>>> print(open('start_9.cif').read())   # mmCIF, C-alpha atoms
data_input
loop_
_atom_site.label_atom_id
_atom_site.label_comp_id
_atom_site.auth_asym_id
_atom_site.auth_seq_id
_atom_site.Cartn_x
_atom_site.Cartn_y
_atom_site.Cartn_z
CA MET A 1 0.00 0.00 0.00
CA LYS A 2 1.61 3.23 -1.19
CA ASP A 3 1.11 6.59 0.51
CA TYR A 4 -0.43 9.34 -1.62
CA TYR A 5 -1.91 12.84 -1.63
CA VAL A 6 -5.18 13.64 -3.40
CA ILE A 7 -6.49 16.76 -5.12
CA ILE A 8 -10.27 17.07 -5.34
CA PRO A 9 -11.78 19.74 -7.61
CA ALA A 10 -14.89 20.78 -5.69
CA ALA A 11 -15.99 23.94 -7.49
CA GLY A 12 -18.77 22.27 -9.47
CA LYS A 13 -22.17 23.63 -10.38
CA GLY A 14 -25.66 22.13 -10.38
CA THR A 15 -26.69 23.36 -13.81
CA ARG A 16 -27.41 19.97 -15.39
CA MET A 17 -29.44 18.99 -12.35
CA GLY A 18 -31.44 22.19 -12.41
CA ARG A 19 -29.89 23.30 -9.13
CA SER A 20 -28.81 26.86 -8.36
CA TYR A 21 -25.96 25.64 -6.13
CA ASN A 22 -22.95 23.35 -6.21
CA LYS A 23 -24.08 19.77 -6.98
CA LEU A 24 -21.57 18.48 -4.41
CA LEU A 25 -23.83 19.93 -1.70
CA ILE A 26 -26.74 17.70 -2.73
CA GLU A 27 -27.54 15.18 -0.01
CA LEU A 28 -27.46 11.40 -0.41
CA ALA A 29 -28.56 9.34 2.58
CA GLY A 30 -28.04 12.19 5.02
CA LEU A 31 -24.62 13.32 3.78
CA THR A 32 -23.66 15.64 0.96
CA ILE A 33 -21.91 14.17 -2.06
CA ILE A 34 -18.65 15.88 -1.13
CA GLU A 35 -18.81 14.39 2.40
CA HIS A 36 -19.21 10.91 0.93
CA THR A 37 -16.22 11.50 -1.36
CA ILE A 38 -13.95 13.05 1.27
CA GLY A 39 -14.89 10.30 3.71
CA ILE A 40 -13.40 7.62 1.46
CA PHE A 41 -9.97 9.25 1.57
CA GLN A 42 -10.26 10.26 5.24
CA GLN A 43 -10.71 6.59 6.16
CA ASP A 44 -7.74 5.41 4.09
CA ASP A 45 -4.50 5.11 6.07
CA ALA A 46 -2.49 5.56 2.86
CA CYS A 47 -3.93 9.03 2.25
CA LYS A 48 -1.57 11.66 3.68
CA GLY A 49 -3.47 14.77 2.68
CA ILE A 50 -6.55 16.03 0.85
CA TYR A 51 -6.45 19.31 -1.08
CA LEU A 52 -9.59 20.91 -2.48
CA ALA A 53 -10.07 23.42 -5.28
CA ILE A 54 -13.15 25.46 -4.36
CA GLN A 55 -15.26 28.43 -5.34
CA PRO A 56 -14.22 31.36 -3.11
CA ASN A 57 -17.83 32.11 -2.15
CA GLU A 58 -18.26 28.57 -0.80
CA ARG A 59 -15.25 28.60 1.51
CA ASP A 60 -17.27 29.19 4.70
CA VAL A 61 -19.85 26.53 3.84
CA LEU A 62 -17.23 23.91 3.00
CA THR A 63 -15.05 24.78 5.99
CA THR A 64 -17.97 24.15 8.33
CA LEU A 65 -19.16 21.06 6.46
CA LEU A 66 -15.74 19.40 6.32
CA ASP A 67 -14.37 20.52 9.67
CA ARG A 68 -14.30 16.97 11.07
CA PHE A 69 -12.05 15.67 8.27
CA ASP A 70 -8.54 16.33 9.55
CA LYS A 71 -6.88 15.09 6.36
CA VAL A 72 -8.21 18.13 4.49
CA LYS A 73 -5.02 20.20 4.51
CA ALA A 74 -6.06 23.15 2.35
CA MET A 75 -8.85 24.66 0.29
CA ILE A 76 -7.46 26.58 -2.65
CA ASP A 77 -9.50 29.08 -4.66
CA GLY A 78 -10.05 27.49 -8.05
CA GLY A 79 -10.05 28.98 -11.53
CA LYS A 80 -12.71 29.25 -14.21
CA GLU A 81 -12.16 25.69 -15.44
CA ARG A 82 -11.26 22.37 -13.81
CA GLN A 83 -7.79 22.30 -15.37
CA GLU A 84 -6.91 25.74 -14.06
CA SER A 85 -8.21 24.84 -10.60
CA ILE A 86 -6.11 21.70 -10.37
CA HIS A 87 -3.04 23.54 -11.62
CA LYS A 88 -3.45 26.11 -8.84
CA VAL A 89 -3.52 23.36 -6.23
CA ILE A 90 -0.51 21.58 -7.73
CA GLN A 91 1.51 24.77 -7.47
CA THR A 92 0.82 25.02 -3.71
CA LEU A 93 1.97 21.51 -2.79
CA ASP A 94 5.19 21.20 -0.82
CA ILE A 95 6.01 17.53 -1.30
CA ALA A 96 8.77 15.39 -2.82
CA ASP A 97 9.08 14.95 -6.59
CA ASN A 98 8.44 11.21 -6.37
CA ASP A 99 5.43 11.48 -4.05
CA ILE A 100 2.22 10.10 -5.52
CA VAL A 101 -0.51 12.64 -6.30
CA LEU A 102 -4.02 11.60 -7.31
CA VAL A 103 -6.76 13.77 -8.79
CA HIS A 104 -10.32 12.66 -8.07
CA ASP A 105 -13.67 14.16 -9.04
CA GLY A 106 -15.62 15.42 -6.04
CA ALA A 107 -18.75 14.01 -7.69
CA ARG A 108 -17.46 10.39 -7.66
CA PRO A 109 -18.43 9.23 -4.16
CA PHE A 110 -18.14 5.47 -4.78
CA VAL A 111 -14.48 4.82 -5.54
CA THR A 112 -13.10 2.01 -3.38
CA HIS A 113 -9.91 1.72 -1.36
CA GLU A 114 -9.01 -1.31 -3.46
CA THR A 115 -9.09 0.76 -6.66
CA ILE A 116 -7.18 3.64 -5.07
CA HIS A 117 -4.45 1.31 -3.83
CA LYS A 118 -4.12 -0.43 -7.22
CA LEU A 119 -3.76 2.99 -8.83
CA SER A 120 -1.15 4.29 -6.40
CA GLU A 121 0.89 1.11 -6.78
CA ALA A 122 0.76 1.48 -10.57
CA ILE A 123 1.91 5.09 -10.31
CA ASP A 124 4.79 4.01 -8.08
CA GLU A 125 5.83 1.46 -10.71
CA TYR A 126 5.09 3.26 -13.97
CA GLY A 127 5.10 6.96 -13.04
CA ALA A 128 1.53 7.76 -14.16
CA ALA A 129 -1.77 5.87 -14.23
CA VAL A 130 -5.51 6.24 -14.65
CA VAL A 131 -8.57 4.25 -13.58
CA GLY A 132 -11.10 2.99 -16.10
CA VAL A 133 -13.47 0.21 -17.12
CA GLN A 134 -13.76 -1.59 -20.43
CA ALA A 135 -16.49 -0.30 -22.74
CA LYS A 136 -19.57 -2.52 -22.77
CA ASP A 137 -21.23 -1.02 -25.82
CA THR A 138 -20.09 -0.86 -29.43
CA ILE A 139 -18.72 2.63 -30.12
CA LYS A 140 -19.15 4.27 -33.53
CA MET A 141 -17.70 7.46 -34.95
CA VAL A 142 -20.43 9.59 -36.54
CA GLU A 143 -20.14 12.52 -38.95
CA ASN A 144 -23.22 14.47 -39.99
CA HIS A 145 -25.38 11.74 -38.46
CA PHE A 146 -23.81 9.00 -40.59
CA VAL A 147 -21.54 6.30 -39.17
CA SER A 148 -18.01 6.80 -40.48
CA GLN A 149 -16.27 4.09 -38.47
CA THR A 150 -16.93 1.33 -35.95
CA LEU A 151 -14.22 1.24 -33.33
CA GLU A 152 -12.76 -2.01 -32.02
CA ARG A 153 -14.42 -2.39 -28.62
CA ARG A 154 -11.70 -4.55 -27.07
CA TYR A 155 -9.33 -1.54 -27.19
CA LEU A 156 -11.78 0.97 -25.67
CA TRP A 157 -11.96 1.96 -22.02
CA GLN A 158 -14.25 4.42 -20.23
CA VAL A 159 -11.98 6.61 -18.15
CA GLN A 160 -12.80 7.50 -14.55
CA THR A 161 -10.94 9.08 -11.67
CA PRO A 162 -8.73 8.95 -9.67
CA GLN A 163 -5.94 9.66 -12.11
CA GLY A 164 -2.45 10.64 -11.14
CA ALA A 165 1.31 10.57 -11.33
CA GLN A 166 4.44 11.17 -9.36
CA TYR A 167 4.38 14.81 -8.32
CA ALA A 168 7.19 16.01 -10.61
CA LYS A 169 5.52 14.45 -13.65
CA LEU A 170 2.07 15.84 -12.87
CA LYS A 171 3.49 19.30 -12.17
CA SER A 172 5.48 19.17 -15.42
CA ALA A 173 2.45 18.09 -17.46
CA TYR A 174 0.27 20.91 -16.12
CA LYS A 175 3.05 23.46 -16.61
CA CYS A 176 3.53 22.29 -20.21
CA ALA A 177 -0.21 22.55 -20.91
CA SER A 178 -0.36 26.04 -19.42
CA HIS A 179 2.59 27.30 -21.46
CA GLU A 180 1.35 25.80 -24.72
CA GLY A 181 -2.34 26.58 -24.30
CA ILE A 182 -3.39 22.94 -24.26
CA VAL A 183 -6.78 22.10 -22.78
CA GLY A 184 -7.11 18.42 -21.91
CA THR A 185 -10.24 16.41 -21.28
CA ASP A 186 -8.64 14.92 -18.18
CA ASP A 187 -5.37 14.73 -16.27
CA ALA A 188 -4.17 11.70 -18.23
CA SER A 189 -4.48 13.55 -21.53
CA LEU A 190 -2.12 16.26 -20.24
CA LEU A 191 0.36 13.62 -19.09
CA GLU A 192 0.12 11.96 -22.51
CA TYR A 193 0.69 15.28 -24.29
CA ALA A 194 3.77 15.91 -22.13
CA GLY A 195 5.20 12.59 -23.30
CA TYR A 196 4.52 10.39 -20.27
CA ALA A 197 3.24 6.83 -20.62
CA VAL A 198 0.01 6.33 -18.69
CA PHE A 199 -0.88 2.90 -17.30
CA MET A 200 -4.54 1.82 -17.23
CA VAL A 201 -5.86 0.36 -13.96
CA GLU A 202 -9.14 -1.52 -14.07
CA GLY A 203 -11.72 -0.04 -11.72
CA ASP A 204 -15.41 -0.87 -11.33
CA TYR A 205 -18.68 0.30 -12.86
CA ASP A 206 -20.07 1.65 -9.56
CA ASN A 207 -17.52 4.48 -9.65
CA ILE A 208 -19.98 6.80 -11.37
CA LYS A 209 -19.83 10.57 -11.62
CA VAL A 210 -23.00 12.17 -10.25
CA THR A 211 -23.90 14.79 -12.84
CA THR A 212 -27.60 14.38 -13.73
CA GLU A 213 -30.85 13.49 -11.97
CA GLU A 214 -30.53 9.98 -13.44
CA ASP A 215 -27.11 9.70 -11.81
CA LEU A 216 -28.68 10.60 -8.46
CA THR A 217 -31.13 7.73 -8.87
CA ASN A 218 -28.27 5.36 -9.68
CA ALA A 219 -26.25 6.70 -6.74
CA LYS A 220 -29.09 5.91 -4.33
CA ALA A 221 -29.29 2.39 -5.75
CA ILE A 222 -25.54 1.88 -5.25
CA LEU A 223 -25.78 3.06 -1.64
CA THR A 224 -28.68 0.67 -1.01
CA LYS A 225 -26.79 -2.23 -2.57
CA ARG A 226 -23.69 -1.55 -0.50
CA ARG A 227 -25.67 -1.42 2.73
CA GLU A 228 -27.39 -4.72 1.93
CA VAL A 229 -24.05 -6.51 1.46
CA GLY A 230 -22.46 -4.86 4.50
CA TYR A 231 -20.06 -2.73 2.46
CA VAL A 232 -17.86 -0.37 4.46
#
>>> encode(input="start_9.cif", output="structure tokens")
Amino acid sequence: MKDYYVIIPAAGKGTRMGRSYNKLLIELAGLTIIEHTIGIFQQDDACKGIYLAIQPNERDVLTTLLDRFDKVKAMIDGGKERQESIHKVIQTLDIADNDIVLVHDGARPFVTHETIHKLSEAIDEYGAAVVGVQAKDTIKMVENHFVSQTLERRYLWQVQTPQGAQYAKLKSAYKCASHEGIVGTDDASLLEYAGYAVFMVEGDYDNIKVTTEEDLTNAKAILTKRREVGYV
């Protein structure tokens, strides 16, 4: 089990859910989504620090809400976009170049310790890694509503978080993207652009990102299932 630090972008919005506030403050089974997510890392002995990127106007709310989580080391004012927010947090870290840093979506409250540990071990061995699951459906490329190509499913993975790398590599990748004006779809894409090989770690399909009302329904079902089987 490898020690790690985790960055959690928590400056989300509730637009796609029709909410006027941060979707991470929506409650599931008596706790907000962000409490569920932070709790996973708080309970993991391998986690040495949690760093949040937040909206400045939510600092007081989040400080009160997360006061009991002593692994939350800092809340950094985020930028306009996720990539900018994460970069700001990376620049504040005072850790060793070979320390493992993960980035995890605040809206993914179901990642397991098993997945996190597999990821951190892969990063220790390969330098950079990402969590994902194999695509179940056939994926087609479409142009002007016509299918232009059917992709080979056995090579396709649906990418999740956490993602991460050794600190020096992650810092270098974000610096490179900033200097060259590159906007990536995730952390792994920035590492790839910077020339780093990224290892794929198999996760699980419960590690959903809660973005829509349908996702909330699925999230409640996952919580119910885990309680029935005695999941901790």
>>> residues_around(input="start_9.cif", residues="Leu28 (chain A)", least_positions_apart="5", cutoff="9 Å", atoms="all atoms listed in the file", output="PDB file with C-alpha atoms, keeping the file's coordinate frame")
ATOM      1  CA  ILE A  33     -21.910  14.170  -2.060  1.00  0.00           C
ATOM      2  CA  HIS A  36     -19.210  10.910   0.930  1.00  0.00           C
ATOM      3  CA  LEU A 216     -28.680  10.600  -8.460  1.00  0.00           C
ATOM      4  CA  ALA A 219     -26.250   6.700  -6.740  1.00  0.00           C
ATOM      5  CA  LYS A 220     -29.090   5.910  -4.330  1.00  0.00           C
ATOM      6  CA  LEU A 223     -25.780   3.060  -1.640  1.00  0.00           C
TER       7      LEU A 223
END
>>> residues_around(input="start_9.cif", residues="Arg154 (chain A)", least_positions_apart="6", cutoff="10 Å", atoms="all atoms listed in the file", output="VMD selection string")
chain A and resid 134 to 136 138
>>> resolve_selection(input="start_9.cif", expression="the PyMOL selection byres ((chain A and resi 61-63) around 10)", output="PDB file with C-alpha atoms, in the frame of the given file")
ATOM      1  CA  ALA A  10     -14.890  20.780  -5.690  1.00  0.00           C
ATOM      2  CA  LEU A  25     -23.830  19.930  -1.700  1.00  0.00           C
ATOM      3  CA  ILE A  34     -18.650  15.880  -1.130  1.00  0.00           C
ATOM      4  CA  GLU A  35     -18.810  14.390   2.400  1.00  0.00           C
ATOM      5  CA  LEU A  52      -9.590  20.910  -2.480  1.00  0.00           C
ATOM      6  CA  ILE A  54     -13.150  25.460  -4.360  1.00  0.00           C
ATOM      7  CA  GLN A  55     -15.260  28.430  -5.340  1.00  0.00           C
ATOM      8  CA  ASN A  57     -17.830  32.110  -2.150  1.00  0.00           C
ATOM      9  CA  GLU A  58     -18.260  28.570  -0.800  1.00  0.00           C
ATOM     10  CA  ARG A  59     -15.250  28.600   1.510  1.00  0.00           C
ATOM     11  CA  ASP A  60     -17.270  29.190   4.700  1.00  0.00           C
ATOM     12  CA  THR A  64     -17.970  24.150   8.330  1.00  0.00           C
ATOM     13  CA  LEU A  65     -19.160  21.060   6.460  1.00  0.00           C
ATOM     14  CA  LEU A  66     -15.740  19.400   6.320  1.00  0.00           C
ATOM     15  CA  ASP A  67     -14.370  20.520   9.670  1.00  0.00           C
ATOM     16  CA  ARG A  68     -14.300  16.970  11.070  1.00  0.00           C
ATOM     17  CA  PHE A  69     -12.050  15.670   8.270  1.00  0.00           C
ATOM     18  CA  VAL A  72      -8.210  18.130   4.490  1.00  0.00           C
ATOM     19  CA  ALA A  74      -6.060  23.150   2.350  1.00  0.00           C
ATOM     20  CA  MET A  75      -8.850  24.660   0.290  1.00  0.00           C
TER      21      MET A  75
END
>>> atom_distance(input="start_9.cif", atom1="CA of Arg108 (chain A)", atom2="CA of Pro162 (chain A)")
9.1 Å
>>> residues_around(input="start_9.cif", residues="region 165-178 of chain A", least_positions_apart="6", cutoff="6 Å", atoms="all atoms listed in the file", output="PDB file with C-alpha atoms, in the coordinates of the input")
ATOM      1  CA  ASP A  97       9.080  14.950  -6.590  1.00  0.00           C
ATOM      2  CA  ASN A  98       8.440  11.210  -6.370  1.00  0.00           C
ATOM      3  CA  ASP A  99       5.430  11.480  -4.050  1.00  0.00           C
ATOM      4  CA  ILE A 100       2.220  10.100  -5.520  1.00  0.00           C
ATOM      5  CA  VAL A 101      -0.510  12.640  -6.300  1.00  0.00           C
ATOM      6  CA  ILE A 123       1.910   5.090 -10.310  1.00  0.00           C
ATOM      7  CA  GLY A 127       5.100   6.960 -13.040  1.00  0.00           C
ATOM      8  CA  ALA A 128       1.530   7.760 -14.160  1.00  0.00           C
ATOM      9  CA  LEU A 190      -2.120  16.260 -20.240  1.00  0.00           C
ATOM     10  CA  LEU A 191       0.360  13.620 -19.090  1.00  0.00           C
ATOM     11  CA  ALA A 194       3.770  15.910 -22.130  1.00  0.00           C
TER      12      ALA A 194
END
>>> resolve_selection(input="start_9.cif", expression="the PyMOL selection byres ((chain A and resi 200-214) around 9)", output="JSON, numbers by chain")
{"A": [14, 16, 17, 18, 23, 24, 33, 105, 106, 107, 108, 109, 110, 111, 112, 114, 115, 116, 118, 119, 122, 129, 130, 131, 132, 133, 134, 157, 159, 160, 161, 198, 199, 215, 216, 217, 218, 219, 222]}
>>> atom_distance(input="start_9.cif", atom1="CA of Lys88 (chain A)", atom2="CA of Ser189 (chain A)")
17.9 Å
>>> closest_residue(input="start_9.cif", among="A:Gly49, A:Arg153, A:Gly30, A:Ala11", to="Asp94 (chain A)", atoms="all atoms listed in the file")
A:Gly49
>>> closest_residue(input="start_9.cif", among="A:Gly78, A:Asn22, A:Tyr155, A:Asp3", to="Asp45 (chain A)", atoms="only C-alpha atoms")
A:Asp3
>>> axis_aligned_box(input="start_9.cif", around="region 54-68 of chain A", padding_each_side="5 Å", output="lines of an AutoDock Vina configuration file")
center_x = -16.5
center_y = 24.5
center_z = 2.9
size_x = 16.7
size_y = 25.1
size_z = 26.4
>>> atom_distance(input="start_9.cif", atom1="CA of His87 (chain A)", atom2="CA of Tyr193 (chain A)")
15.6 Å
>>> closest_residue(input="start_9.cif", among="A:Val103, A:Met141, A:Ile8, A:Leu156", to="Asp186 (chain A)", atoms="all atoms listed in the file")
A:Val103
